[in-house]
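The next block holds one structure in the form of C-alpha cells; read it before the comments.
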Amino acid sequence: MKPDAIFLTADGSKTIYSERFGEYYHSTHGAANESNHVFIEAGYLATLVHPVSVLETGFGTGLNAWLSLQQASRLRRRTFYETIERYPINSTTVSELTDDTVFRSLHNATWEEPVEITPWFVLLKRNSDMLFAEFSRKFDLVYFDAFSPAVQPEMWTHDIFARLYEAMNPNAILTTYCAKGIVRRTLQNVGFGVERLPGPTGKREILRARK
Ligand SMILES: C[S@@+](CC[C@H](N)C(=O)[O-])C[C@H]1O[C@@H](n2cnc3c(N)ncnc32)[C@H](O)[C@@H]1O
C-alpha cells in the first residue's frame, strides 16, 4: 500500500488522503474549518460540563485533539480526552503534517496511558479497534469522526451507537459531520434526540445527538 499523502485544504490547513479507505481524513474545503465547526462549536463549546470528558473515534491527524486542547487552555477547562485509533499515522507523516511543538506532543504521547499534555488537557490514546473497544469511563461528549458510511459502513451501526450511548452521561452529546438519513434514524432508534445543524463550507448539514 502506498504511504498516505498530505493534502493542503482550501482554508490552508492540512489533511491526509487514506489509501486504505480511499477517502480524505477531512473535508477538502477546509480541514480546520470543518473540525472547528463540527466538533468544537457544535460539541466542545455546546456543553458546559466542567471538567469535561471527551471520546473520539479515530485520532488520525490529531486535529480534533489539538483544537480541543487550545480551547481547554483558553477556557481553563479541565479536559480528559480519550481517543480510539486502529491505524496510527507514522512519524514521517506527522513531521510533514505540522511543525507545531504542542501538536507534535500529542502524537509523541505514549499510547494506552493518560498523559498530561498541559495542565488543562489529559490525553489517553488507545490503539484499539472501535468495533470492539471498551471505554475507560463515561463521557460528556463524543466526537464521532469515522470515515464515511460509504467506505466504512461497519462503524455507523446500531451496535456501535448503542455502545456509545451506554458510555455517555445523561445529557451528553455526540456530534458528527455525517447527516445521512440512515445515520440520523439509527441514532434515534438507539434513543438519542437528534438535531440537524447547518454544516461547514461544502456541506449542507451535520448531526448532533443528545442522550
Ligand atoms: C475520518 S478520519 C478522522 C481522524 C481524526 N479525527 C482527525 O482529526 O484527523 C477516521 C479515523 O478513524 C480511524 N479508524 C478507521 N477504522 C477504525 C477502527 N475500526 N477503529 C478505530 N479507528 C479506526 C482511521 O485510521 C482514521 O484515523
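Simple scheme: letters A, B, ... for chains in C-alpha cells order, numbers from 1 for residues in each chain, numbers from 1 for ligands in the order shown.
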
If you take only C-alpha atoms and a cut-off of 7 Å, which residues of region 4-73 of chain A touch region 122-143 of chain A, and what are their nearest atom pairs and distances in Å to one decimal, in chain and number order, as CSV?
residue,atom,partner,partner_atom,distance
A:Phe39,CA,A:Tyr143,CA,6.2
A:Gly43,CA,A:Leu141,CA,6.9
A:Val52,CA,A:Asp140,CA,6.2
A:Ser53,CA,A:Phe139,CA,5.0
A:Val54,CA,A:Leu141,CA,4.8
A:Leu55,CA,A:Val142,CA,4.8
A:Glu56,CA,A:Tyr143,CA,4.7
A:Thr57,CA,A:Tyr143,CA,6.5

The selected residues should be written to file as a compact mmCIF listing (two decimals), in the first residue's frame (atoms: N, CA and C atoms).
# COMPACT_ATOMS: atom_id res chain seq x y z
N PHE A 39 -16.92 19.75 15.56
CA PHE A 39 -16.56 19.18 16.85
C PHE A 39 -16.35 20.24 17.94
N GLY A 43 -19.89 20.91 19.46
CA GLY A 43 -19.64 19.92 20.51
C GLY A 43 -19.00 20.52 21.75
N VAL A 52 -14.58 18.28 31.70
CA VAL A 52 -15.31 17.59 30.64
C VAL A 52 -14.51 16.37 30.15
N SER A 53 -15.25 15.28 29.87
CA SER A 53 -14.58 14.09 29.32
C SER A 53 -15.07 13.86 27.89
N VAL A 54 -14.10 13.72 27.00
CA VAL A 54 -14.39 13.62 25.56
C VAL A 54 -13.90 12.27 25.04
N LEU A 55 -14.71 11.64 24.19
CA LEU A 55 -14.29 10.41 23.50
C LEU A 55 -14.28 10.69 22.01
N GLU A 56 -13.20 10.31 21.33
CA GLU A 56 -13.12 10.50 19.88
C GLU A 56 -12.95 9.15 19.19
N THR A 57 -13.69 8.95 18.09
CA THR A 57 -13.45 7.76 17.27
C THR A 57 -12.49 8.16 16.15

Cut-off 9 Å: closest chain A/ligand 1 atom pairs per residue, using only C-alpha atoms and all ligand atoms, as CSV:
residue,atom,partner,partner_atom_place_in_ligand_line,distance
A:Thr15,CA,ligand 1,9 (O),7.1
A:Ile16,CA,ligand 1,9 (O),7.8
A:Ser18,CA,ligand 1,25 (O),8.1
A:Arg20,CA,ligand 1,25 (O),8.7
A:Phe21,CA,ligand 1,15 (C),8.2
A:Glu23,CA,ligand 1,1 (C),7.9
A:Tyr24,CA,ligand 1,1 (C),6.9
A:Tyr25,CA,ligand 1,1 (C),4.1
A:His26,CA,ligand 1,1 (C),6.0
A:Ala31,CA,ligand 1,8 (O),8.2
A:Ala32,CA,ligand 1,8 (O),8.8
A:Ser35,CA,ligand 1,8 (O),7.1
A:Glu56,CA,ligand 1,6 (N),6.9
A:Thr57,CA,ligand 1,22 (N),5.9
A:Gly58,CA,ligand 1,12 (O),3.5
A:Phe59,CA,ligand 1,5 (C),4.5
A:Gly60,CA,ligand 1,27 (O),3.2
A:Thr61,CA,ligand 1,9 (O),3.6
A:Gly62,CA,ligand 1,8 (O),5.0
A:Leu63,CA,ligand 1,8 (O),4.2
A:Asn64,CA,ligand 1,8 (O),4.6
A:Ala65,CA,ligand 1,8 (O),7.2
A:Trp66,CA,ligand 1,8 (O),8.7
A:Thr83,CA,ligand 1,21 (C),8.6
A:Ile84,CA,ligand 1,21 (C),5.2
A:Glu85,CA,ligand 1,22 (N),3.8
A:Arg86,CA,ligand 1,21 (C),4.1
A:Tyr87,CA,ligand 1,25 (O),4.4
A:Pro88,CA,ligand 1,25 (O),6.2
A:Ile89,CA,ligand 1,27 (O),7.5
A:Arg126,CA,ligand 1,21 (C),8.8
A:Asn127,CA,ligand 1,21 (C),7.5
A:Ser128,CA,ligand 1,21 (C),5.9
A:Asp129,CA,ligand 1,20 (N),3.6
A:Met130,CA,ligand 1,20 (N),3.7
A:Leu131,CA,ligand 1,19 (N),5.6
A:Phe132,CA,ligand 1,20 (N),8.2
A:Ala133,CA,ligand 1,20 (N),8.0
A:Tyr143,CA,ligand 1,6 (N),7.8
A:Phe144,CA,ligand 1,6 (N),8.0
A:Asp145,CA,ligand 1,3 (C),5.1
A:Ala146,CA,ligand 1,10 (C),4.2
A:Phe147,CA,ligand 1,1 (C),4.2
A:Ser148,CA,ligand 1,1 (C),7.2
A:Gln152,CA,ligand 1,16 (N),7.5
A:Glu154,CA,ligand 1,19 (N),8.2
A:Met155,CA,ligand 1,19 (N),7.0

Near-region 182-190 of chain A list (10 Å; only C-alpha atoms; drop same-chain fewer than 5 positions) as a PyMOL selection string:
chain A and resi 149+156-166+174+176+195-196+206-211

Calculated over only C-alpha atoms, which of the candidates A:Lys180, A:His29, A:His107, A:Arg74 has the smallest distance to Lys14 (chain A)?
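The answer is A:His29, which sits nearest to Lys14 (chain A).
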
If you run DSSP on this backbone, which residues of chain A come out as strand (DSSP E or B), and could you give them as a ChimeraX atom specification?
/A:5-8,14-18,23-24,52-57,79-84,111,115-118,121-126,139-144,168-176,193-198,205-210

Between CA of Asn33 (chain A) and CA of Glu205 (chain A), what is the distance in Å, rounded to a tenth?
14.3 Å

One number please: CA of Glu82 (chain A) to CA of Arg204 (chain A), in Å, one decimal.
28.8 Å

Length of the CA of Lys203 (chain A) to CA of Ser68 (chain A) vector [Å]:
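CA of Lys203 (chain A) sits 21.8 Å away from CA of Ser68 (chain A).
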
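Minimum atom-to-atom distance to Tyr17 (chain A), evaluated using only C-alpha atoms, belongs to A:Thr93 out of A:Thr93, A:Thr175, A:Ser73, A:Thr79.
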
Would you give me, as JSON, numbers by chain, the residues in region 10-199 of chain A that DSSP reads as helix (DSSP H, G or I)?
{"A": [31, 32, 33, 34, 35, 36, 37, 38, 39, 40, 41, 42, 43, 44, 63, 64, 65, 66, 67, 68, 69, 70, 71, 72, 73, 74, 75, 91, 92, 93, 94, 95, 96, 97, 101, 102, 103, 104, 105, 106, 107, 108, 153, 154, 155, 158, 159, 160, 161, 162, 163, 164, 165, 166, 181, 182, 183, 184, 185, 186, 187, 188, 189, 190]}
